[in-house]
file model_8.pdb (PDB, C-alpha atoms, pLDDT in the B column)
ATOM      1  CA  MET A   1       9.763  -5.827   1.403  1.00 44.00           C
ATOM      2  CA  SER A   2       9.658  -4.325   4.866  1.00 46.00           C
ATOM      3  CA  SER A   3      10.293  -6.353   8.011  1.00 68.00           C
ATOM      4  CA  THR A   4       7.697  -4.409   9.993  1.00 79.00           C
ATOM      5  CA  SER A   5       4.226  -5.693  10.824  1.00 83.00           C
ATOM      6  CA  VAL A   6       0.780  -4.260  10.273  1.00 85.00           C
ATOM      7  CA  ARG A   7       0.416  -3.957  14.045  1.00 87.00           C
ATOM      8  CA  ASP A   8       3.578  -1.787  14.162  1.00 89.00           C
ATOM      9  CA  VAL A   9       2.225   0.479  11.436  1.00 90.00           C
ATOM     10  CA  LEU A  10      -1.207   0.827  13.019  1.00 90.00           C
ATOM     11  CA  ASP A  11       0.314   1.491  16.446  1.00 91.00           C
ATOM     12  CA  ALA A  12       2.215   4.424  14.944  1.00 93.00           C
ATOM     13  CA  LEU A  13      -1.077   5.885  13.665  1.00 93.00           C
ATOM     14  CA  GLN A  14      -2.848   6.038  17.041  1.00 90.00           C
ATOM     15  CA  ASP A  15      -3.149   9.843  16.918  1.00 90.00           C
ATOM     16  CA  VAL A  16      -4.325  10.104  13.300  1.00 93.00           C
ATOM     17  CA  ASP A  17      -7.848  11.340  12.670  1.00 92.00           C
ATOM     18  CA  PHE A  18      -9.262   9.638   9.580  1.00 92.00           C
ATOM     19  CA  PRO A  19      -9.827  10.299   6.766  1.00 93.00           C
ATOM     20  CA  ALA A  20      -6.149  11.083   6.332  1.00 93.00           C
ATOM     21  CA  GLY A  21      -3.756  11.313   3.428  1.00 93.00           C
ATOM     22  CA  LYS A  22      -0.456   9.539   3.057  1.00 93.00           C
ATOM     23  CA  GLU A  23       1.688  12.535   4.060  1.00 94.00           C
ATOM     24  CA  GLU A  24      -0.379  13.139   7.181  1.00 95.00           C
ATOM     25  CA  GLN A  25       0.136   9.512   8.206  1.00 94.00           C
ATOM     26  CA  VAL A  26       3.887   9.628   7.554  1.00 95.00           C
ATOM     27  CA  GLN A  27       4.169  12.820   9.610  1.00 95.00           C
ATOM     28  CA  ALA A  28       2.132  11.310  12.460  1.00 94.00           C
ATOM     29  CA  ALA A  29       4.356   8.223  12.530  1.00 94.00           C
ATOM     30  CA  GLU A  30       7.502  10.359  12.598  1.00 95.00           C
ATOM     31  CA  ASN A  31       6.046  12.526  15.381  1.00 94.00           C
ATOM     32  CA  ALA A  32       5.170   9.405  17.368  1.00 93.00           C
ATOM     33  CA  GLY A  33       8.784   8.228  17.154  1.00 94.00           C
ATOM     34  CA  ALA A  34       7.933   5.195  15.030  1.00 94.00           C
ATOM     35  CA  PRO A  35      10.814   2.981  13.884  1.00 93.00           C
ATOM     36  CA  GLU A  36      12.273   3.827  10.468  1.00 93.00           C
ATOM     37  CA  GLU A  37      10.845   0.588   9.009  1.00 92.00           C
ATOM     38  CA  VAL A  38       7.325   1.760   9.890  1.00 92.00           C
ATOM     39  CA  VAL A  39       7.908   5.186   8.336  1.00 93.00           C
ATOM     40  CA  LYS A  40       9.329   3.525   5.197  1.00 91.00           C
ATOM     41  CA  ALA A  41       6.273   1.268   4.958  1.00 90.00           C
ATOM     42  CA  LEU A  42       3.984   4.306   5.140  1.00 93.00           C
ATOM     43  CA  ARG A  43       6.021   6.199   2.564  1.00 92.00           C
ATOM     44  CA  ALA A  44       5.506   3.261   0.204  1.00 90.00           C
ATOM     45  CA  ILE A  45       1.687   3.352   0.268  1.00 90.00           C
ATOM     46  CA  PRO A  46      -0.159   4.953  -2.649  1.00 89.00           C
ATOM     47  CA  PRO A  47      -0.764   8.709  -2.266  1.00 89.00           C
ATOM     48  CA  ASP A  48      -4.478   8.366  -1.544  1.00 88.00           C
ATOM     49  CA  GLU A  49      -6.886   9.546   1.117  1.00 92.00           C
ATOM     50  CA  TYR A  50      -7.505   6.700   3.568  1.00 91.00           C
ATOM     51  CA  GLY A  51     -10.861   6.485   5.335  1.00 91.00           C
ATOM     52  CA  ASN A  52      -9.720   4.356   8.246  1.00 90.00           C
ATOM     53  CA  ARG A  53      -6.963   2.185   9.686  1.00 89.00           C
ATOM     54  CA  ASP A  54      -8.246  -0.908   7.849  1.00 87.00           C
ATOM     55  CA  GLU A  55      -7.611   0.777   4.497  1.00 89.00           C
ATOM     56  CA  VAL A  56      -4.079   1.596   5.599  1.00 89.00           C
ATOM     57  CA  ALA A  57      -3.567  -2.003   6.741  1.00 86.00           C
ATOM     58  CA  ARG A  58      -4.625  -3.291   3.332  1.00 85.00           C
ATOM     59  CA  SER A  59      -2.375  -0.835   1.486  1.00 87.00           C
ATOM     60  CA  VAL A  60       0.862  -1.077   3.417  1.00 85.00           C
ATOM     61  CA  ARG A  61       3.412  -3.643   2.262  1.00 78.00           C
ATOM     62  CA  VAL A  62       4.674  -5.656   5.179  1.00 70.00           C
ATOM     63  CA  ASP A  63       6.381  -8.910   5.996  1.00 61.00           C
ATOM     64  CA  PRO A  64       4.115 -11.752   4.809  1.00 55.00           C
ATOM     65  CA  ALA A  65       4.379 -13.303   8.272  1.00 54.00           C
ATOM     66  CA  SER A  66       2.729 -10.186   9.751  1.00 52.00           C
ATOM     67  CA  ASP A  67      -0.183 -10.368  12.158  1.00 48.00           C
ATOM     68  CA  LEU A  68      -2.845  -9.091   9.736  1.00 53.00           C
ATOM     69  CA  ASP A  69      -4.984 -12.258  10.029  1.00 61.00           C
ATOM     70  CA  LEU A  70      -4.808 -12.905   6.307  1.00 62.00           C
ATOM     71  CA  SER A  71      -4.555 -16.333   4.773  1.00 68.00           C
ATOM     72  CA  ALA A  72      -1.344 -17.322   3.018  1.00 69.00           C
ATOM     73  CA  ALA A  73      -3.082 -16.753  -0.328  1.00 72.00           C
ATOM     74  CA  GLN A  74      -4.240 -13.269   0.711  1.00 67.00           C
ATOM     75  CA  ARG A  75      -0.731 -12.342   1.898  1.00 64.00           C
ATOM     76  CA  ALA A  76       0.706 -13.556  -1.409  1.00 69.00           C
ATOM     77  CA  GLU A  77      -1.852 -11.495  -3.323  1.00 67.00           C
ATOM     78  CA  GLN A  78      -0.955  -8.409  -1.272  1.00 62.00           C
ATOM     79  CA  ALA A  79       2.724  -8.942  -2.010  1.00 64.00           C
ATOM     80  CA  ARG A  80       2.061  -9.344  -5.753  1.00 65.00           C
ATOM     81  CA  ARG A  81      -0.166  -6.299  -5.998  1.00 60.00           C
ATOM     82  CA  GLY A  82       1.777  -4.125  -3.613  1.00 56.00           C
ATOM     83  CA  GLY A  83      -1.133  -3.078  -1.456  1.00 49.00           C
ATOM     84  CA  ARG A  84      -4.802  -2.340  -1.796  1.00 49.00           C
ATOM     85  CA  PRO A  85      -6.614  -4.429  -4.432  1.00 49.00           C
ATOM     86  CA  GLY A  86      -7.228  -2.456  -7.615  1.00 48.00           C
ATOM     87  CA  GLN A  87      -4.540   0.108  -6.924  1.00 46.00           C
ATOM     88  CA  LEU A  88      -3.028   1.124 -10.258  1.00 47.00           C
ATOM     89  CA  GLN A  89      -4.943  -1.733 -11.787  1.00 47.00           C
ATOM     90  CA  ARG A  90      -5.843   0.426 -14.785  1.00 45.00           C
ATOM     91  CA  LEU A  91      -2.169   0.559 -15.662  1.00 45.00           C
ATOM     92  CA  ARG A  92      -1.759  -3.210 -15.418  1.00 47.00           C
ATOM     93  CA  ASP A  93      -4.819  -4.059 -17.476  1.00 48.00           C
ATOM     94  CA  VAL A  94      -3.910  -1.982 -20.509  1.00 49.00           C
ATOM     95  CA  PRO A  95      -3.138  -4.465 -23.267  1.00 56.00           C
ATOM     96  CA  LYS A  96       0.070  -3.832 -25.138  1.00 57.00           C
ATOM     97  CA  PRO A  97      -0.449  -3.276 -28.860  1.00 59.00           C
ATOM     98  CA  SER A  98       0.809  -5.947 -31.146  1.00 66.00           C
ATOM     99  CA  VAL A  99       3.949  -5.265 -33.147  1.00 68.00           C
ATOM    100  CA  GLN A 100       1.837  -4.965 -36.303  1.00 64.00           C
ATOM    101  CA  ASP A 101      -0.336  -2.271 -34.639  1.00 67.00           C
ATOM    102  CA  GLU A 102       2.779  -0.339 -33.702  1.00 63.00           C
ATOM    103  CA  LEU A 103       4.124  -0.600 -37.240  1.00 73.00           C
ATOM    104  CA  ASP A 104       0.781   0.514 -38.703  1.00 72.00           C
ATOM    105  CA  GLN A 105       0.871   3.644 -36.536  1.00 69.00           C
ATOM    106  CA  SER A 106       4.302   4.661 -37.853  1.00 60.00           C
TER     107      SER A 106
END

call {"tool": "encode", "arguments": {"input": "model_8.pdb", "output": "structure tokens"}}
result
Amino acid sequence: MSSTSVRDVLDALQDVDFPAGKEEQVQAAENAGAPEEVVKALRAIPPDEYGNRDEVARSVRVDPASDLDLSAAQRAEQARRGGRPGQLQRLRDVPKPSVQDELDQS
């Protein structure tokens, strides 16, 4: 997990016009001379279109002690999920077939 804070990430996106995609945000942070930890945090967000800075803040993985004004439970949930709630959820919720189902398909 990154040692950067949400504030650091958002500060690096001052010149971004939203909506903006992941690559546009990474490029803006690099152009602004953001620290490598901030750029890494942005590279780790899902490749979506973000409507505003709040969406970026919810998606970026940062140090749980960051200044995002989340409760300890919310920070733990962000760390478990790796960002925005529901992201890649469809992949997590797919039940694995039982061994018998797999054998029946053979």

call {"tool": "resolve_selection", "arguments": {"input": "model_8.pdb", "expression": "the PyMOL selection byres ((chain A and resi 42-44) around 8)", "output": "compact mmCIF listing (two decimals) with C-alpha atoms, keeping the file's coordinate frame"}}
result
# COMPACT_ATOMS: atom_id res chain seq x y z
CA VAL A 9 2.22 0.48 11.44
CA LYS A 22 -0.46 9.54 3.06
CA GLU A 23 1.69 12.54 4.06
CA GLN A 25 0.14 9.51 8.21
CA VAL A 26 3.89 9.63 7.55
CA VAL A 38 7.32 1.76 9.89
CA VAL A 39 7.91 5.19 8.34
CA LYS A 40 9.33 3.52 5.20
CA ALA A 41 6.27 1.27 4.96
CA ILE A 45 1.69 3.35 0.27
CA PRO A 46 -0.16 4.95 -2.65
CA VAL A 60 0.86 -1.08 3.42
CA ARG A 61 3.41 -3.64 2.26

call {"tool": "resolve_selection", "arguments": {"input": "model_8.pdb", "expression": "the PyMOL selection byres ((chain A and resi 14-18) around 8)", "output": "list in words"}}
result
Leu10, Asp11, Ala12, Leu13, Pro19, Ala20, Glu24, Gln25, Ala28, Tyr50, Gly51, Asn52 and Arg53 of chain A

call {"tool": "atom_distance", "arguments": {"input": "model_8.pdb", "atom1": "atom CA of A:Asn31", "atom2": "atom CA of A:Val56"}}
result
17.8 Å

call {"tool": "atom_distance", "arguments": {"input": "model_8.pdb", "atom1": "atom CA of A:Pro47", "atom2": "atom CA of A:Ser59"}}
result
10.4 Å

call {"tool": "closest_residue", "arguments": {"input": "model_8.pdb", "among": "A:Ala73, A:Ser5, A:Gly21, A:Glu55", "to": "A:Glu37", "atoms": "only C-alpha atoms"}}
result
A:Ser5

call {"tool": "axis_aligned_box", "arguments": {"input": "model_8.pdb", "around": "stretch 19-37 of chain A", "padding_each_side": "6 Å", "output": "lines of an AutoDock Vina configuration file"}}
result
center_x = 1.2
center_y = 6.9
center_z = 10.2
size_x = 34.1
size_y = 24.6
size_z = 26.3

call {"tool": "atom_distance", "arguments": {"input": "model_8.pdb", "atom1": "atom CA of A:Arg7", "atom2": "atom CA of A:Asp54"}}
result
11.1 Å

call {"tool": "decode", "arguments": {"input": "model_8.pdb", "residues": "stretch 10-23 of chain A", "atoms": "all heavy atoms", "output": "PDB file, in the first residue's frame"}}
result
ATOM      1  N   LEU A  10      -4.789  14.463  -4.662  1.00  0.00           N
ATOM      2  CA  LEU A  10      -5.682  15.509  -5.171  1.00  0.00           C
ATOM      3  C   LEU A  10      -4.925  16.786  -5.504  1.00  0.00           C
ATOM      4  O   LEU A  10      -5.267  17.481  -6.468  1.00  0.00           O
ATOM      5  CB  LEU A  10      -6.809  15.774  -4.174  1.00  0.00           C
ATOM      6  CG  LEU A  10      -7.764  14.598  -3.943  1.00  0.00           C
ATOM      7  CD1 LEU A  10      -8.842  14.985  -2.950  1.00  0.00           C
ATOM      8  CD2 LEU A  10      -8.357  14.090  -5.241  1.00  0.00           C
ATOM      9  N   ASP A  11      -3.893  17.111  -4.731  1.00  0.00           N
ATOM     10  CA  ASP A  11      -3.077  18.284  -5.039  1.00  0.00           C
ATOM     11  C   ASP A  11      -2.396  18.145  -6.401  1.00  0.00           C
ATOM     12  O   ASP A  11      -2.244  19.127  -7.124  1.00  0.00           O
ATOM     13  CB  ASP A  11      -2.020  18.512  -3.958  1.00  0.00           C
ATOM     14  CG  ASP A  11      -2.604  19.071  -2.673  1.00  0.00           C
ATOM     15  OD1 ASP A  11      -3.791  19.488  -2.671  1.00  0.00           O
ATOM     16  OD2 ASP A  11      -1.881  19.062  -1.654  1.00  0.00           O
ATOM     17  N   ALA A  12      -2.019  16.932  -6.757  1.00  0.00           N
ATOM     18  CA  ALA A  12      -1.356  16.702  -8.040  1.00  0.00           C
ATOM     19  C   ALA A  12      -2.330  16.808  -9.211  1.00  0.00           C
ATOM     20  O   ALA A  12      -1.908  16.923 -10.360  1.00  0.00           O
ATOM     21  CB  ALA A  12      -0.690  15.328  -8.048  1.00  0.00           C
ATOM     22  N   LEU A  13      -3.626  16.809  -8.922  1.00  0.00           N
ATOM     23  CA  LEU A  13      -4.644  16.846  -9.983  1.00  0.00           C
ATOM     24  C   LEU A  13      -5.304  18.217 -10.109  1.00  0.00           C
ATOM     25  O   LEU A  13      -6.380  18.341 -10.685  1.00  0.00           O
ATOM     26  CB  LEU A  13      -5.718  15.776  -9.702  1.00  0.00           C
ATOM     27  CG  LEU A  13      -5.212  14.345  -9.643  1.00  0.00           C
ATOM     28  CD1 LEU A  13      -6.350  13.400  -9.300  1.00  0.00           C
ATOM     29  CD2 LEU A  13      -4.540  13.946 -10.944  1.00  0.00           C
ATOM     30  N   GLN A  14      -4.652  19.251  -9.603  1.00  0.00           N
ATOM     31  CA  GLN A  14      -5.217  20.602  -9.629  1.00  0.00           C
ATOM     32  C   GLN A  14      -5.589  21.061 -11.035  1.00  0.00           C
ATOM     33  O   GLN A  14      -6.573  21.759 -11.224  1.00  0.00           O
ATOM     34  CB  GLN A  14      -4.227  21.602  -9.017  1.00  0.00           C
ATOM     35  CG  GLN A  14      -4.024  21.447  -7.536  1.00  0.00           C
ATOM     36  CD  GLN A  14      -5.275  21.779  -6.740  1.00  0.00           C
ATOM     37  OE1 GLN A  14      -6.096  22.585  -7.129  1.00  0.00           O
ATOM     38  NE2 GLN A  14      -5.406  21.128  -5.600  1.00  0.00           N
ATOM     39  N   ASP A  15      -4.786  20.682 -12.035  1.00  0.00           N
ATOM     40  CA  ASP A  15      -5.003  21.177 -13.398  1.00  0.00           C
ATOM     41  C   ASP A  15      -5.850  20.245 -14.257  1.00  0.00           C
ATOM     42  O   ASP A  15      -5.991  20.479 -15.461  1.00  0.00           O
ATOM     43  CB  ASP A  15      -3.652  21.399 -14.086  1.00  0.00           C
ATOM     44  CG  ASP A  15      -2.847  22.490 -13.400  1.00  0.00           C
ATOM     45  OD1 ASP A  15      -3.455  23.410 -12.816  1.00  0.00           O
ATOM     46  OD2 ASP A  15      -1.601  22.418 -13.440  1.00  0.00           O
ATOM     47  N   VAL A  16      -6.424  19.211 -13.678  1.00  0.00           N
ATOM     48  CA  VAL A  16      -7.214  18.251 -14.445  1.00  0.00           C
ATOM     49  C   VAL A  16      -8.646  18.750 -14.575  1.00  0.00           C
ATOM     50  O   VAL A  16      -9.272  19.146 -13.607  1.00  0.00           O
ATOM     51  CB  VAL A  16      -7.204  16.857 -13.776  1.00  0.00           C
ATOM     52  CG1 VAL A  16      -8.137  15.904 -14.491  1.00  0.00           C
ATOM     53  CG2 VAL A  16      -5.796  16.310 -13.737  1.00  0.00           C
ATOM     54  N   ASP A  17      -9.141  18.732 -15.807  1.00  0.00           N
ATOM     55  CA  ASP A  17     -10.545  19.042 -16.062  1.00  0.00           C
ATOM     56  C   ASP A  17     -11.314  17.728 -16.077  1.00  0.00           C
ATOM     57  O   ASP A  17     -11.022  16.845 -16.882  1.00  0.00           O
ATOM     58  CB  ASP A  17     -10.716  19.753 -17.401  1.00  0.00           C
ATOM     59  CG  ASP A  17     -10.149  21.163 -17.393  1.00  0.00           C
ATOM     60  OD1 ASP A  17     -10.268  21.834 -16.360  1.00  0.00           O
ATOM     61  OD2 ASP A  17      -9.591  21.578 -18.420  1.00  0.00           O
ATOM     62  N   PHE A  18     -12.286  17.599 -15.179  1.00  0.00           N
ATOM     63  CA  PHE A  18     -13.089  16.384 -15.107  1.00  0.00           C
ATOM     64  C   PHE A  18     -14.334  16.535 -15.945  1.00  0.00           C
ATOM     65  O   PHE A  18     -14.832  17.643 -16.103  1.00  0.00           O
ATOM     66  CB  PHE A  18     -13.444  16.083 -13.641  1.00  0.00           C
ATOM     67  CG  PHE A  18     -12.267  15.594 -12.864  1.00  0.00           C
ATOM     68  CD1 PHE A  18     -11.465  16.477 -12.155  1.00  0.00           C
ATOM     69  CD2 PHE A  18     -11.947  14.256 -12.863  1.00  0.00           C
ATOM     70  CE1 PHE A  18     -10.371  16.021 -11.438  1.00  0.00           C
ATOM     71  CE2 PHE A  18     -10.849  13.789 -12.148  1.00  0.00           C
ATOM     72  CZ  PHE A  18     -10.060  14.674 -11.441  1.00  0.00           C
ATOM     73  N   PRO A  19     -14.840  15.448 -16.511  1.00  0.00           N
ATOM     74  CA  PRO A  19     -14.416  14.062 -16.341  1.00  0.00           C
ATOM     75  C   PRO A  19     -13.061  13.809 -17.002  1.00  0.00           C
ATOM     76  O   PRO A  19     -12.721  14.425 -18.011  1.00  0.00           O
ATOM     77  CB  PRO A  19     -15.510  13.234 -17.002  1.00  0.00           C
ATOM     78  CG  PRO A  19     -16.186  14.160 -17.944  1.00  0.00           C
ATOM     79  CD  PRO A  19     -15.998  15.557 -17.402  1.00  0.00           C
ATOM     80  N   ALA A  20     -12.332  12.876 -16.400  1.00  0.00           N
ATOM     81  CA  ALA A  20     -10.992  12.543 -16.890  1.00  0.00           C
ATOM     82  C   ALA A  20     -10.718  11.068 -16.659  1.00  0.00           C
ATOM     83  O   ALA A  20     -11.127  10.508 -15.645  1.00  0.00           O
ATOM     84  CB  ALA A  20      -9.950  13.383 -16.172  1.00  0.00           C
ATOM     85  N   GLY A  21     -10.016  10.475 -17.590  1.00  0.00           N
ATOM     86  CA  GLY A  21      -9.633   9.076 -17.477  1.00  0.00           C
ATOM     87  C   GLY A  21      -8.361   8.913 -16.659  1.00  0.00           C
ATOM     88  O   GLY A  21      -7.676   9.879 -16.332  1.00  0.00           O
ATOM     89  N   LYS A  22      -8.073   7.675 -16.356  1.00  0.00           N
ATOM     90  CA  LYS A  22      -6.905   7.348 -15.544  1.00  0.00           C
ATOM     91  C   LYS A  22      -5.624   7.878 -16.173  1.00  0.00           C
ATOM     92  O   LYS A  22      -4.816   8.517 -15.500  1.00  0.00           O
ATOM     93  CB  LYS A  22      -6.825   5.827 -15.385  1.00  0.00           C
ATOM     94  CG  LYS A  22      -5.545   5.336 -14.764  1.00  0.00           C
ATOM     95  CD  LYS A  22      -5.522   3.814 -14.756  1.00  0.00           C
ATOM     96  CE  LYS A  22      -4.175   3.296 -14.325  1.00  0.00           C
ATOM     97  NZ  LYS A  22      -4.165   1.839 -14.196  1.00  0.00           N
ATOM     98  N   GLU A  23      -5.400   7.611 -17.457  1.00  0.00           N
ATOM     99  CA  GLU A  23      -4.155   8.021 -18.107  1.00  0.00           C
ATOM    100  C   GLU A  23      -3.993   9.537 -18.108  1.00  0.00           C
ATOM    101  O   GLU A  23      -2.884  10.044 -17.939  1.00  0.00           O
ATOM    102  CB  GLU A  23      -4.073   7.458 -19.529  1.00  0.00           C
ATOM    103  CG  GLU A  23      -3.918   5.957 -19.563  1.00  0.00           C
ATOM    104  CD  GLU A  23      -2.725   5.458 -18.750  1.00  0.00           C
ATOM    105  OE1 GLU A  23      -1.644   6.075 -18.796  1.00  0.00           O
ATOM    106  OE2 GLU A  23      -2.889   4.453 -18.040  1.00  0.00           O
TER     107      GLU A  23
END
